[in-house]
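model33.csv follows (CSV, C-alpha atoms):
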```csv
chain,number,residue,atom,x,y,z
A,1,MET,CA,5.6,-13.0,2.7
A,2,ALA,CA,6.2,-13.2,-1.0
A,3,ALA,CA,9.7,-14.0,-2.1
A,4,LEU,CA,11.0,-13.9,-5.7
A,5,ARG,CA,11.3,-17.3,-7.1
A,6,ASP,CA,13.3,-18.6,-10.1
A,7,GLY,CA,10.4,-19.1,-12.4
A,8,ASP,CA,9.0,-15.7,-11.7
A,9,PHE,CA,10.9,-13.8,-14.3
A,10,GLY,CA,10.1,-16.4,-17.0
A,11,ALA,CA,6.5,-15.9,-16.1
A,12,LEU,CA,6.7,-12.2,-16.3
A,13,GLN,CA,7.6,-12.4,-20.0
A,14,ILE,CA,4.0,-13.6,-20.6
A,15,LEU,CA,3.3,-9.8,-20.3
A,16,LEU,CA,4.7,-9.4,-23.8
A,17,LYS,CA,1.3,-10.8,-25.0
A,18,ALA,CA,-0.6,-8.0,-23.2
A,19,PRO,CA,-2.7,-5.8,-25.5
A,20,SER,CA,-1.5,-2.4,-24.1
A,21,LYS,CA,0.8,-0.7,-21.5
A,22,ASP,CA,-2.3,0.2,-19.5
A,23,ALA,CA,-3.3,-3.4,-19.3
A,24,VAL,CA,0.1,-4.2,-17.8
A,25,ARG,CA,-0.2,-1.3,-15.4
A,26,GLN,CA,-3.6,-2.4,-14.3
A,27,LEU,CA,-2.5,-6.0,-13.8
A,28,CYS,CA,0.5,-4.8,-11.7
A,29,GLN,CA,-1.7,-2.9,-9.4
A,30,GLU,CA,-4.2,-5.6,-9.0
A,31,SER,CA,-1.5,-8.2,-8.4
A,32,PHE,CA,0.1,-6.1,-5.7
A,33,SER,CA,-3.1,-5.3,-3.9
A,34,SER,CA,-4.5,-8.8,-4.0
A,35,PRO,CA,-3.8,-11.1,-1.0
A,36,PRO,CA,-2.3,-14.5,-2.0
A,37,ALA,CA,-5.6,-16.2,-1.6
A,38,ALA,CA,-7.3,-13.9,-4.1
A,39,LEU,CA,-4.7,-14.4,-6.9
A,40,GLY,CA,-6.5,-17.4,-8.4
A,41,PRO,CA,-9.7,-15.5,-9.1
A,42,LEU,CA,-7.7,-12.5,-10.4
A,43,ALA,CA,-5.9,-14.8,-12.8
A,44,GLN,CA,-9.2,-16.2,-14.1
A,45,ARG,CA,-10.5,-12.7,-14.6
A,46,SER,CA,-7.4,-11.6,-16.5
A,47,CYS,CA,-6.7,-14.5,-18.8
A,48,SER,CA,-9.3,-13.5,-21.5
A,49,GLY,CA,-8.1,-9.9,-21.5
A,50,LEU,CA,-4.5,-11.0,-22.0
A,51,ALA,CA,-5.2,-13.9,-24.5
A,52,VAL,CA,-3.3,-16.3,-22.4
A,53,SER,CA,-4.2,-19.7,-21.0
A,54,ALA,CA,-5.5,-20.1,-17.4
A,55,GLU,CA,-2.2,-21.6,-16.3
A,56,GLU,CA,-0.1,-18.8,-17.8
A,57,ALA,CA,-2.4,-16.2,-16.2
A,58,GLU,CA,-1.9,-17.9,-12.8
A,59,GLN,CA,1.9,-18.0,-13.1
A,60,LEU,CA,2.0,-14.4,-14.4
A,61,VAL,CA,-0.2,-12.9,-11.6
A,62,SER,CA,1.7,-14.8,-9.0
A,63,ALA,CA,5.0,-13.5,-10.4
A,64,LEU,CA,3.8,-9.9,-10.5
A,65,HIS,CA,2.5,-10.2,-6.9
A,66,ASN,CA,5.9,-11.5,-5.8
A,67,LEU,CA,7.9,-8.9,-7.7
A,68,THR,CA,5.8,-5.9,-6.5
A,69,ARG,CA,5.7,-7.1,-2.9
A,70,HIS,CA,9.4,-7.8,-2.9
A,71,VAL,CA,10.1,-4.3,-4.0
A,72,VAL,CA,7.9,-2.8,-1.3
A,73,TYR,CA,9.4,-5.1,1.3
A,74,ARG,CA,12.9,-4.2,0.5
A,75,GLY,CA,12.0,-0.5,0.3
A,76,LEU,CA,13.6,0.0,-3.1
A,77,THR,CA,13.0,3.4,-4.5
A,78,ARG,CA,15.6,3.9,-7.2
A,79,ALA,CA,15.3,2.8,-10.8
A,80,GLU,CA,18.8,1.1,-10.8
A,81,ASP,CA,17.9,-1.0,-7.8
A,82,ILE,CA,14.8,-2.3,-9.4
A,83,LEU,CA,16.4,-2.9,-12.8
A,84,ARG,CA,19.1,-4.9,-11.0
A,85,LEU,CA,16.5,-7.4,-9.9
A,86,PHE,CA,15.9,-8.6,-13.4
A,87,PRO,CA,18.1,-11.3,-15.0
A,88,GLU,CA,20.5,-10.4,-17.9
A,89,ASN,CA,18.5,-11.9,-20.7
A,90,PHE,CA,15.2,-10.3,-19.7
A,91,HIS,CA,13.4,-8.4,-22.5
A,92,GLN,CA,14.7,-4.8,-22.3
A,93,ASN,CA,11.6,-2.9,-23.1
A,94,LEU,CA,9.4,-4.9,-20.7
A,95,LYS,CA,12.0,-4.5,-18.0
A,96,ASN,CA,11.9,-0.7,-18.4
A,97,LEU,CA,8.1,-0.6,-18.5
A,98,LEU,CA,7.8,-2.7,-15.4
A,99,THR,CA,10.3,-0.6,-13.6
A,100,LYS,CA,8.5,2.6,-14.6
A,101,ILE,CA,5.2,1.2,-13.4
A,102,ILE,CA,6.6,0.1,-10.1
A,103,LEU,CA,8.2,3.5,-9.5
A,104,GLU,CA,4.9,5.3,-10.3
A,105,ASN,CA,3.1,3.2,-7.7
A,106,ILE,CA,5.8,2.6,-5.0
A,107,SER,CA,4.7,5.2,-2.5
A,108,ALA,CA,1.0,4.3,-2.8
A,109,TRP,CA,1.9,0.7,-2.4
A,110,ARG,CA,4.0,1.4,0.7
A,111,ASN,CA,1.1,3.3,2.3
A,112,GLU,CA,-1.2,0.4,1.5
A,113,ALA,CA,1.3,-2.0,3.1
A,114,GLN,CA,1.5,0.1,6.2
A,115,ALA,CA,-2.3,0.5,6.4
A,116,SER,CA,-2.9,-3.2,6.1
A,117,GLN,CA,-0.3,-4.5,8.6
A,118,ILE,CA,-1.5,-6.2,11.8
A,119,SER,CA,-2.5,-3.8,14.4
A,120,LEU,CA,-4.9,-3.2,17.3
A,121,PRO,CA,-8.3,-1.9,16.3
A,122,ARG,CA,-8.0,1.5,14.7
A,123,LEU,CA,-9.8,4.8,15.4
A,124,VAL,CA,-11.7,5.7,12.3
A,125,ASP,CA,-14.0,8.5,13.5
A,126,MET,CA,-14.6,10.7,16.4
A,127,ASP,CA,-17.7,12.8,17.2
A,128,TRP,CA,-18.4,14.9,20.2
A,129,ARG,CA,-21.0,17.1,21.8
A,130,VAL,CA,-21.2,19.3,24.9
A,131,ASP,CA,-24.5,19.1,26.8
A,132,ILE,CA,-25.8,20.8,29.9
A,133,LYS,CA,-27.8,18.6,32.2
A,134,THR,CA,-30.6,20.8,33.4
A,135,SER,CA,-33.0,18.4,35.2
A,136,SER,CA,-33.6,14.8,36.2
A,137,ASP,CA,-36.1,12.7,38.1
A,138,SER,CA,-34.0,13.2,41.2
A,139,ILE,CA,-32.8,16.8,40.8
A,140,VAL,CA,-35.1,19.5,39.5
A,141,ARG,CA,-32.7,22.2,38.6
A,142,MET,CA,-29.0,22.0,37.8
A,143,ALA,CA,-26.6,23.1,35.2
A,144,VAL,CA,-24.0,20.4,34.8
A,145,PRO,CA,-21.9,20.6,31.6
A,146,THR,CA,-20.9,17.3,30.3
A,147,CYS,CA,-19.2,16.0,27.2
A,148,LEU,CA,-20.5,13.1,25.1
A,149,LEU,CA,-17.8,11.5,22.9
A,150,GLN,CA,-18.4,8.8,20.3
A,151,LEU,CA,-15.4,6.9,19.0
A,152,LYS,CA,-15.8,4.7,16.0
A,153,ILE,CA,-13.3,1.9,16.2
A,154,GLN,CA,-12.6,-0.5,13.4
A,155,GLU,CA,-11.4,-4.0,14.2
A,156,ASP,CA,-8.2,-5.3,12.6
A,157,ALA,CA,-8.8,-5.2,8.8
A,158,ALA,CA,-6.7,-8.2,8.2
A,159,LEU,CA,-9.0,-10.3,10.4
A,160,CYS,CA,-12.2,-9.1,8.9
A,161,GLY,CA,-11.4,-9.3,5.2
A,162,ASN,CA,-13.8,-7.2,3.2
A,163,ASN,CA,-16.3,-6.6,6.0
A,164,PRO,CA,-14.5,-4.6,8.6
A,165,VAL,CA,-16.4,-4.5,11.9
A,166,VAL,CA,-16.8,-1.0,13.2
A,167,SER,CA,-17.9,-0.6,16.8
A,168,ALA,CA,-19.0,2.6,18.4
A,169,LEU,CA,-17.9,3.5,21.9
A,170,THR,CA,-19.9,6.3,23.5
A,171,VAL,CA,-18.4,7.8,26.6
A,172,GLU,CA,-19.4,10.6,28.9
A,173,LEU,CA,-16.7,12.9,30.3
A,174,SER,CA,-17.1,15.5,33.0
A,175,LYS,CA,-14.8,18.5,33.3
A,176,GLU,CA,-12.5,16.6,35.6
A,177,THR,CA,-12.2,13.5,33.5
A,178,LEU,CA,-11.7,15.6,30.4
A,179,GLU,CA,-8.8,17.3,32.2
A,180,THR,CA,-7.3,13.9,33.0
A,181,MET,CA,-7.6,13.0,29.3
A,182,LEU,CA,-6.0,16.2,28.2
A,183,GLU,CA,-3.1,15.7,30.6
A,184,GLY,CA,-2.4,12.3,29.1
A,185,LEU,CA,-2.7,13.5,25.6
A,186,GLY,CA,-0.3,16.4,26.4
A,187,ARG,CA,2.3,14.0,27.6
A,188,ILE,CA,2.0,12.0,24.4
A,189,ARG,CA,2.5,15.2,22.4
A,190,ASP,CA,5.6,16.1,24.4
A,191,GLN,CA,7.0,12.6,23.8
A,192,LEU,CA,6.3,12.9,20.1
A,193,SER,CA,8.2,16.2,20.0
A,194,ALA,CA,11.1,14.7,22.0
A,195,VAL,CA,11.3,11.8,19.6
A,196,ALA,CA,11.0,14.0,16.5
A,197,ASN,CA,13.9,16.1,17.7
A,198,LYS,CA,16.2,13.2,18.1
B,1,ALA,CA,-27.5,-16.9,36.0
B,2,ALA,CA,-28.9,-16.5,39.5
B,3,ASP,CA,-28.4,-20.2,40.0
B,4,LYS,CA,-24.7,-19.6,39.4
B,5,ILE,CA,-24.5,-17.6,42.6
B,6,HIS,CA,-24.0,-20.7,44.6
B,7,LEU,CA,-20.7,-21.2,42.7
B,8,ILE,CA,-19.2,-18.0,44.1
B,9,PRO,CA,-17.3,-18.5,47.3
B,10,GLN,CA,-18.5,-16.4,50.2
B,11,ASP,CA,-15.6,-14.0,50.4
B,12,PHE,CA,-15.7,-13.2,46.7
B,13,PHE,CA,-19.5,-12.7,46.9
B,14,ALA,CA,-19.0,-10.3,49.7
B,15,GLU,CA,-16.3,-8.4,47.7
B,16,LEU,CA,-18.7,-8.2,44.7
B,17,CYS,CA,-21.5,-6.8,46.9
B,18,GLU,CA,-19.0,-4.3,48.5
B,19,GLN,CA,-17.9,-3.1,45.1
B,20,ILE,CA,-21.5,-2.7,43.9
B,21,ILE,CA,-22.5,-0.7,47.0
B,22,GLN,CA,-19.4,1.5,46.6
B,23,HIS,CA,-20.2,2.1,43.0
B,24,LEU,CA,-23.8,3.0,43.9
B,25,ASN,CA,-22.3,5.4,46.5
B,26,HIS,CA,-20.1,6.9,43.8
B,27,LYS,CA,-17.0,6.0,45.7
B,28,ILE,CA,-15.6,4.0,42.8
B,29,PRO,CA,-16.4,4.5,39.1
B,30,GLY,CA,-17.5,0.9,38.5
B,31,VAL,CA,-17.3,-2.8,39.3
B,32,ASN,CA,-14.2,-4.5,38.0
B,33,THR,CA,-15.9,-7.7,37.0
B,34,ALA,CA,-13.1,-8.8,34.7
B,35,GLU,CA,-10.5,-8.6,37.4
B,36,LEU,CA,-12.8,-10.3,40.0
B,37,CYS,CA,-13.7,-13.0,37.6
B,38,GLN,CA,-10.0,-13.8,37.0
B,39,ARG,CA,-9.3,-14.1,40.7
B,40,ILE,CA,-12.3,-16.3,41.2
B,41,GLN,CA,-11.2,-18.6,38.4
B,42,THR,CA,-7.7,-18.7,39.8
B,43,SER,CA,-9.1,-20.0,43.0
B,44,GLY,CA,-10.4,-22.9,41.1
B,45,VAL,CA,-14.1,-22.0,40.6
B,46,GLU,CA,-15.4,-22.3,37.1
B,47,ILE,CA,-17.5,-19.3,36.4
B,48,ASN,CA,-17.5,-17.3,33.2
B,49,ILE,CA,-17.4,-13.5,33.0
B,50,GLY,CA,-20.9,-13.3,31.3
B,51,ASP,CA,-22.5,-15.0,34.3
B,52,LEU,CA,-20.6,-12.9,36.8
B,53,ALA,CA,-21.7,-9.8,34.9
B,54,LYS,CA,-25.3,-10.9,35.0
B,55,ILE,CA,-25.1,-11.6,38.7
B,56,ALA,CA,-23.5,-8.2,39.3
B,57,ASN,CA,-26.3,-6.6,37.4
B,58,ILE,CA,-29.0,-8.4,39.4
B,59,LEU,CA,-27.3,-7.4,42.7
B,60,SER,CA,-26.9,-3.8,41.5
B,61,PHE,CA,-30.6,-3.6,40.6
B,62,LEU,CA,-31.5,-5.2,43.9
B,63,PHE,CA,-29.5,-2.7,46.0
B,64,SER,CA,-30.4,0.4,44.0
B,65,THR,CA,-34.1,-0.4,44.1
B,66,ALA,CA,-33.9,-1.0,47.8
B,67,ALA,CA,-32.1,2.3,48.2
B,68,ARG,CA,-34.7,4.2,46.2
B,69,ASN,CA,-37.5,2.7,48.4
B,70,ASN,CA,-35.6,3.2,51.6
B,71,LEU,CA,-35.9,-0.4,52.6
B,72,SER,CA,-34.7,-1.6,56.0
B,73,THR,CA,-32.6,-4.8,56.2
B,74,GLU,CA,-35.6,-6.9,57.2
B,75,GLU,CA,-37.7,-5.4,54.4
B,76,LEU,CA,-35.0,-6.2,51.9
B,77,VAL,CA,-34.7,-9.8,53.1
B,78,THR,CA,-38.5,-10.1,52.9
B,79,THR,CA,-38.5,-8.7,49.3
B,80,LEU,CA,-35.9,-11.3,48.4
B,81,GLY,CA,-38.8,-13.5,49.4
B,82,SER,CA,-39.1,-16.7,47.4
B,83,ALA,CA,-35.6,-16.1,46.0
B,84,THR,CA,-34.1,-16.7,49.4
B,85,SER,CA,-35.0,-20.4,49.2
B,86,THR,CA,-33.0,-20.7,45.9
B,87,LEU,CA,-30.2,-18.4,47.0
B,88,PRO,CA,-27.5,-20.1,49.0
B,89,LYS,CA,-27.6,-19.3,52.7
B,90,HIS,CA,-24.2,-17.5,52.7
B,91,ALA,CA,-25.4,-15.2,49.9
B,92,VAL,CA,-28.4,-14.1,51.9
B,93,GLN,CA,-26.2,-13.6,54.9
B,94,VAL,CA,-23.8,-11.4,52.9
B,95,ILE,CA,-26.6,-9.4,51.4
B,96,ARG,CA,-28.1,-8.8,54.8
B,97,HIS,CA,-24.8,-7.9,56.3
B,98,VAL,CA,-23.7,-5.5,53.5
B,99,TRP,CA,-27.1,-3.8,53.5
B,100,ASN,CA,-27.1,-3.4,57.2
B,101,GLU,CA,-23.6,-1.8,57.2
B,102,GLN,CA,-23.8,0.4,54.2
B,103,GLY,CA,-27.2,0.2,52.6
B,104,LYS,CA,-28.6,3.3,54.3
B,105,ALA,CA,-25.6,5.3,53.2
B,106,ILE,CA,-26.6,5.1,49.5
B,107,ALA,CA,-27.8,8.7,49.2
B,108,VAL,CA,-29.2,10.3,46.1
B,109,SER,CA,-26.3,12.7,45.4
B,110,GLU,CA,-27.0,16.3,44.5
B,111,ASP,CA,-24.8,16.7,41.5
B,112,GLY,CA,-26.3,14.7,38.7
B,113,ARG,CA,-23.8,12.0,38.8
B,114,ASN,CA,-26.3,9.2,39.0
B,115,ILE,CA,-27.9,10.0,35.7
B,116,VAL,CA,-26.0,7.4,33.8
B,117,THR,CA,-27.1,6.7,30.2
B,118,VAL,CA,-23.8,6.1,28.5
B,119,GLY,CA,-20.4,4.8,29.5
B,120,GLN,CA,-18.5,6.9,32.0
B,121,PHE,CA,-14.8,7.6,31.2
B,122,VAL,CA,-12.6,6.3,34.0
B,123,ASP,CA,-9.0,6.4,32.8
B,124,MET,CA,-6.7,6.5,29.8
B,125,LYS,CA,-3.5,4.7,29.3
B,126,TRP,CA,-1.3,5.3,26.4
B,127,LYS,CA,1.8,4.1,24.5
B,128,LEU,CA,3.8,5.8,21.7
B,129,GLY,CA,5.4,3.1,19.5
B,130,VAL,CA,7.3,2.8,16.3
B,131,ALA,CA,6.7,-0.3,14.1
B,132,MET,CA,10.2,-1.1,12.8
B,133,SER,CA,9.5,-3.9,10.4
B,134,SER,CA,6.7,-6.2,9.2
B,135,ASP,CA,6.1,-9.0,6.7
B,136,THR,CA,5.2,-6.4,4.1
B,137,CYS,CA,7.9,-3.8,4.7
B,138,ARG,CA,11.3,-4.6,6.0
B,139,SER,CA,12.1,-1.1,7.0
B,140,LEU,CA,8.8,0.4,8.2
B,141,LYS,CA,9.6,3.0,10.9
B,142,TYR,CA,6.0,3.8,11.3
B,143,PRO,CA,5.1,5.7,14.4
B,144,TYR,CA,1.7,5.2,16.1
B,145,VAL,CA,-0.1,5.9,19.3
B,146,THR,CA,-1.9,3.1,21.2
B,147,VAL,CA,-4.6,4.2,23.7
B,148,THR,CA,-6.6,2.1,26.2
B,149,LEU,CA,-9.7,3.7,27.5
B,150,THR,CA,-11.1,2.4,30.8
B,151,VAL,CA,-14.9,2.9,30.7
B,152,ALA,CA,-17.6,2.1,33.2
B,153,ASP,CA,-20.7,1.0,31.3
B,154,PRO,CA,-24.2,2.1,32.3
B,155,SER,CA,-24.6,-1.0,34.5
B,156,GLY,CA,-21.4,-0.1,36.3
B,157,GLN,CA,-19.1,-2.7,34.9
B,158,ILE,CA,-15.6,-1.6,33.9
B,159,THR,CA,-14.3,-2.5,30.5
B,160,ASP,CA,-11.2,-1.6,28.6
B,161,LYS,CA,-11.2,-0.6,24.9
B,162,SER,CA,-7.9,-0.3,23.1
B,163,PHE,CA,-7.2,1.2,19.7
B,164,GLU,CA,-4.4,2.6,17.6
B,165,MET,CA,-4.0,6.0,15.9
B,166,THR,CA,-1.6,7.3,13.3
B,167,ILE,CA,0.3,10.5,14.3
B,168,PRO,CA,-1.9,12.8,12.2
B,169,GLN,CA,-5.0,11.2,13.8
B,170,PHE,CA,-3.5,11.7,17.2
B,171,LYS,CA,-2.9,15.4,16.5
B,172,ASN,CA,-6.5,15.7,15.4
B,173,PHE,CA,-7.7,13.8,18.5
B,174,PHE,CA,-5.8,16.1,20.8
B,175,ARG,CA,-7.1,19.2,19.0
B,176,GLN,CA,-10.7,18.0,19.4
B,177,PHE,CA,-10.2,17.5,23.1
B,178,LYS,CA,-8.8,20.9,23.5
B,179,GLU,CA,-11.9,22.2,21.7
B,180,MET,CA,-14.2,20.3,24.0
B,181,ALA,CA,-12.4,21.6,27.0
B,182,SER,CA,-12.6,25.2,25.9
B,183,VAL,CA,-16.4,24.7,25.1
B,184,LEU,CA,-16.9,23.2,28.6
B,185,GLU,CA,-15.2,26.3,30.1
B,186,THR,CA,-17.5,28.8,28.3
B,187,VAL,CA,-20.8,26.9,28.7
```

For the structure just supplied, provide its representation as structure tokens.
Amino acid sequence: MAALRDGDFGALQILLKAPSKDAVRQLCQESFSSPPAALGPLAQRSCSGLAVSAEEAEQLVSALHNLTRHVVYRGLTRAEDILRLFPENFHQNLKNLLTKIILENISAWRNEAQASQISLPRLVDMDWRVDIKTSSDSIVRMAVPTCLLQLKIQEDAALCGNNPVVSALTVELSKETLETMLEGLGRIRDQLSAVANK
Amino acid sequence: AADKIHLIPQDFFAELCEQIIQHLNHKIPGVNTAELCQRIQTSGVEINIGDLAKIANILSFLFSTAARNNLSTEELVTTLGSATSTLPKHAVQVIRHVWNEQGKAIAVSEDGRNIVTVGQFVDMKWKLGVAMSSDTCRSLKYPYVTVTLTVADPSGQITDKSFEMTIPQFKNFFRQFKEMASVLETV
């Protein structure tokens, strides 16, 4: 978990060398999204664009990562709260620019944080089909309706890095088992409404 | 894996055969290998679930083939043939006993249940939770639904699959199931 460190604000002032506001914006977004392990490569990619040394790039990227993640962690949404984070002598215009960029991105970043938290495998897709079994090697004629359901489940993204493992679970349901399922789902829905009304 | 059969104590082996026969008779949806394996391990026997699953498959195939060919107990034991010399005595005894008692009852049912090509849904367990806080967001308040589906795979073994859904995903999930149910009604 990234915490703001003393040297971070000093490092942020390296942004004054950035060629444009868009470059700053881009770097903020990349620094937020990058996990700590990928900050090194990000710094290397950025140092030529910013005309800074490799060491400065590393300190900068790390500071941006810490600042943006700190804001998301604390759930800060108002400009004054973010401005208050900066020390007294920090460059005014840069402070305002960074605050503006953060506010623009804050809800997307919050969603990203929620989506990447640890969790059980997630449902990513669901397909179904209703069939009628008309015949088999043991029964010549019948008309048994049946449901085929395929769930695509993605393993915990945090564990798989950039190659999430998606497994498919194919399940057959009869009328009875489908009823059981619906009953269970109905209860979840009732609970949700009860919780929402509190 | 057949040589691992001698590791399984007689009473557990009997229970495994019983479950397999009951599954073939459609009395239970599947064989709970995971649970049985855990109990065998707790009793001090070192067997892993993969081997137990293979043994269950072999026995299931044995019994279902015997049922299809209407084998008597003696015929079954004869078919085991050369295998009986490598199978431990108690295993052959259990197979003979179980077949004698219940083998003939394995009837080909008239309702299409024994056409198993995909997993069969057995049960669903659920939980509605709210993630309060995480290392990325101190105040998360993120509701989610966790579901565990119990499925009997085509070989009759029961497995659990758990996954999470967001609330919008859950609502869609529910809607799809209602769709499926109404289609099943009209078909």

Could you list, as an MDAnalysis selection string, the residues of chain B having an atom within 6 Å of chain A when counting only C-alpha atoms?
-> chainID B and resid 118:121 135:138 163:165

C-alpha atoms of the current selection, written as an mmCIF file, in the frame of the given file:
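This is the output file part_15.cif:
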```
data_model
loop_
_atom_site.group_PDB
_atom_site.id
_atom_site.type_symbol
_atom_site.label_atom_id
_atom_site.label_comp_id
_atom_site.auth_asym_id
_atom_site.auth_seq_id
_atom_site.Cartn_x
_atom_site.Cartn_y
_atom_site.Cartn_z
ATOM 1 C CA VAL B 118 -23.800 6.100 28.500
ATOM 2 C CA GLY B 119 -20.400 4.800 29.500
ATOM 3 C CA GLN B 120 -18.500 6.900 32.000
ATOM 4 C CA PHE B 121 -14.800 7.600 31.200
ATOM 5 C CA ASP B 135 6.100 -9.000 6.700
ATOM 6 C CA THR B 136 5.200 -6.400 4.100
ATOM 7 C CA CYS B 137 7.900 -3.800 4.700
ATOM 8 C CA ARG B 138 11.300 -4.600 6.000
ATOM 9 C CA PHE B 163 -7.200 1.200 19.700
ATOM 10 C CA GLU B 164 -4.400 2.600 17.600
ATOM 11 C CA MET B 165 -4.000 6.000 15.900
#
```

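Considering only C-alpha atoms, the residue among A:Leu67, A:Ala54, A:Leu103, A:Ala18 positioned nearest to A:Ser31 is A:Leu67.
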
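The two atoms in question, atom CA of B:Thr33 and atom CA of B:Ile20, are spaced 10.2 Å apart.
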
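Taking atom CA of B:Pro168 and atom CA of B:Ala152 as endpoints, the distance between them is 28.3 Å.
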
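Between atom CA of A:Pro87 and atom CA of A:Val61 the interatomic distance comes to 18.7 Å.
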
Using all atoms listed in the file, determine which residues lie at most 9 Å from B:Gln22, disregarding the query and same-chain residues fewer than 5 positions distant; provide the list as an NGL selection string.
-> :B and (17 or 27-31 or 102 or 106)

Do a neighbour search on B:Ile55 at 12 Å with all atoms listed in the file, toss out local chain neighbours closer than 4 positions, and write the hits as a list in words.
-> Ala1, Ala2, Asp3, Lys4, Ile5, His6, Leu7, Ile8, Phe13, Leu16, Cys17, Ile20, Val31, Thr33, Cys37, Ile47, Asn48, Ile49, Gly50, Asp51, Leu59, Ser60, Phe61, Leu62, Leu87, Ala91, Ser155 and Gln157 of chain B

Would you mind listing what lies within 12 Å of A:Ala51 as an mmCIF file with C-alpha atoms, in the coordinates of the input, with all atoms listed in the file counted and same-chain residues fewer than 3 positions away left out?
```cif
data_model
loop_
_atom_site.group_PDB
_atom_site.id
_atom_site.type_symbol
_atom_site.label_atom_id
_atom_site.label_comp_id
_atom_site.auth_asym_id
_atom_site.auth_seq_id
_atom_site.Cartn_x
_atom_site.Cartn_y
_atom_site.Cartn_z
ATOM 1 C CA ILE A 14 4.000 -13.600 -20.600
ATOM 2 C CA LEU A 15 3.300 -9.800 -20.300
ATOM 3 C CA LEU A 16 4.700 -9.400 -23.800
ATOM 4 C CA LYS A 17 1.300 -10.800 -25.000
ATOM 5 C CA ALA A 18 -0.600 -8.000 -23.200
ATOM 6 C CA PRO A 19 -2.700 -5.800 -25.500
ATOM 7 C CA ALA A 23 -3.300 -3.400 -19.300
ATOM 8 C CA ALA A 43 -5.900 -14.800 -12.800
ATOM 9 C CA GLN A 44 -9.200 -16.200 -14.100
ATOM 10 C CA ARG A 45 -10.500 -12.700 -14.600
ATOM 11 C CA SER A 46 -7.400 -11.600 -16.500
ATOM 12 C CA CYS A 47 -6.700 -14.500 -18.800
ATOM 13 C CA SER A 48 -9.300 -13.500 -21.500
ATOM 14 C CA ALA A 54 -5.500 -20.100 -17.400
ATOM 15 C CA GLU A 55 -2.200 -21.600 -16.300
ATOM 16 C CA GLU A 56 -0.100 -18.800 -17.800
ATOM 17 C CA ALA A 57 -2.400 -16.200 -16.200
#
```

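Ranking A:Leu76, A:Leu94, A:Ala108, A:Leu64 by their shortest atom-to-atom distance to B:Ser139, with all atoms listed in the file included, puts A:Leu76 first.
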
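Comparing the minimum interatomic distances between B:Tyr142 and each of A:Ala11, A:Asn111, A:Glu30, A:Val52, counting only C-alpha atoms, we find that A:Asn111 sits nearest.
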
Please, can stretch 5-17 of chain A be completed to N, CA and C atoms and returned as an mmCIF file, keeping the file's coordinate frame?
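Saved as result_9.cif:
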```cif
data_model
loop_
_atom_site.group_PDB
_atom_site.id
_atom_site.type_symbol
_atom_site.label_atom_id
_atom_site.label_comp_id
_atom_site.auth_asym_id
_atom_site.auth_seq_id
_atom_site.Cartn_x
_atom_site.Cartn_y
_atom_site.Cartn_z
ATOM 1 N N ARG A 5 10.816 -15.983 -6.823
ATOM 2 C CA ARG A 5 11.300 -17.300 -7.100
ATOM 3 C C ARG A 5 11.871 -17.377 -8.512
ATOM 4 N N ASP A 6 12.621 -18.456 -8.769
ATOM 5 C CA ASP A 6 13.300 -18.600 -10.100
ATOM 6 C C ASP A 6 12.389 -18.447 -11.256
ATOM 7 N N GLY A 7 11.269 -19.120 -11.206
ATOM 8 C CA GLY A 7 10.400 -19.100 -12.400
ATOM 9 C C GLY A 7 9.685 -17.808 -12.634
ATOM 10 N N ASP A 8 9.746 -16.915 -11.652
ATOM 11 C CA ASP A 8 9.000 -15.700 -11.700
ATOM 12 C C ASP A 8 9.303 -14.835 -12.966
ATOM 13 N N PHE A 9 10.588 -14.639 -13.221
ATOM 14 C CA PHE A 9 10.900 -13.800 -14.300
ATOM 15 C C PHE A 9 10.545 -14.370 -15.668
ATOM 16 N N GLY A 10 10.620 -15.683 -15.751
ATOM 17 C CA GLY A 10 10.100 -16.400 -17.000
ATOM 18 C C GLY A 10 8.675 -16.063 -17.148
ATOM 19 N N ALA A 11 7.908 -16.185 -16.060
ATOM 20 C CA ALA A 11 6.500 -15.900 -16.100
ATOM 21 C C ALA A 11 6.166 -14.507 -16.516
ATOM 22 N N LEU A 12 6.985 -13.566 -16.052
ATOM 23 C CA LEU A 12 6.700 -12.200 -16.300
ATOM 24 C C LEU A 12 6.737 -11.878 -17.835
ATOM 25 N N GLN A 13 7.503 -12.645 -18.574
ATOM 26 C CA GLN A 13 7.600 -12.400 -20.000
ATOM 27 C C GLN A 13 6.297 -12.680 -20.735
ATOM 28 N N ILE A 14 5.374 -13.357 -20.046
ATOM 29 C CA ILE A 14 4.000 -13.600 -20.600
ATOM 30 C C ILE A 14 3.390 -12.219 -20.890
ATOM 31 N N LEU A 15 3.820 -11.186 -20.142
ATOM 32 C CA LEU A 15 3.300 -9.800 -20.300
ATOM 33 C C LEU A 15 3.477 -9.318 -21.748
ATOM 34 N N LEU A 16 4.432 -9.898 -22.469
ATOM 35 C CA LEU A 16 4.700 -9.400 -23.800
ATOM 36 C C LEU A 16 3.436 -9.655 -24.712
ATOM 37 N N LYS A 17 2.555 -10.540 -24.251
ATOM 38 C CA LYS A 17 1.300 -10.800 -25.000
ATOM 39 C C LYS A 17 0.233 -9.765 -24.642
#
```
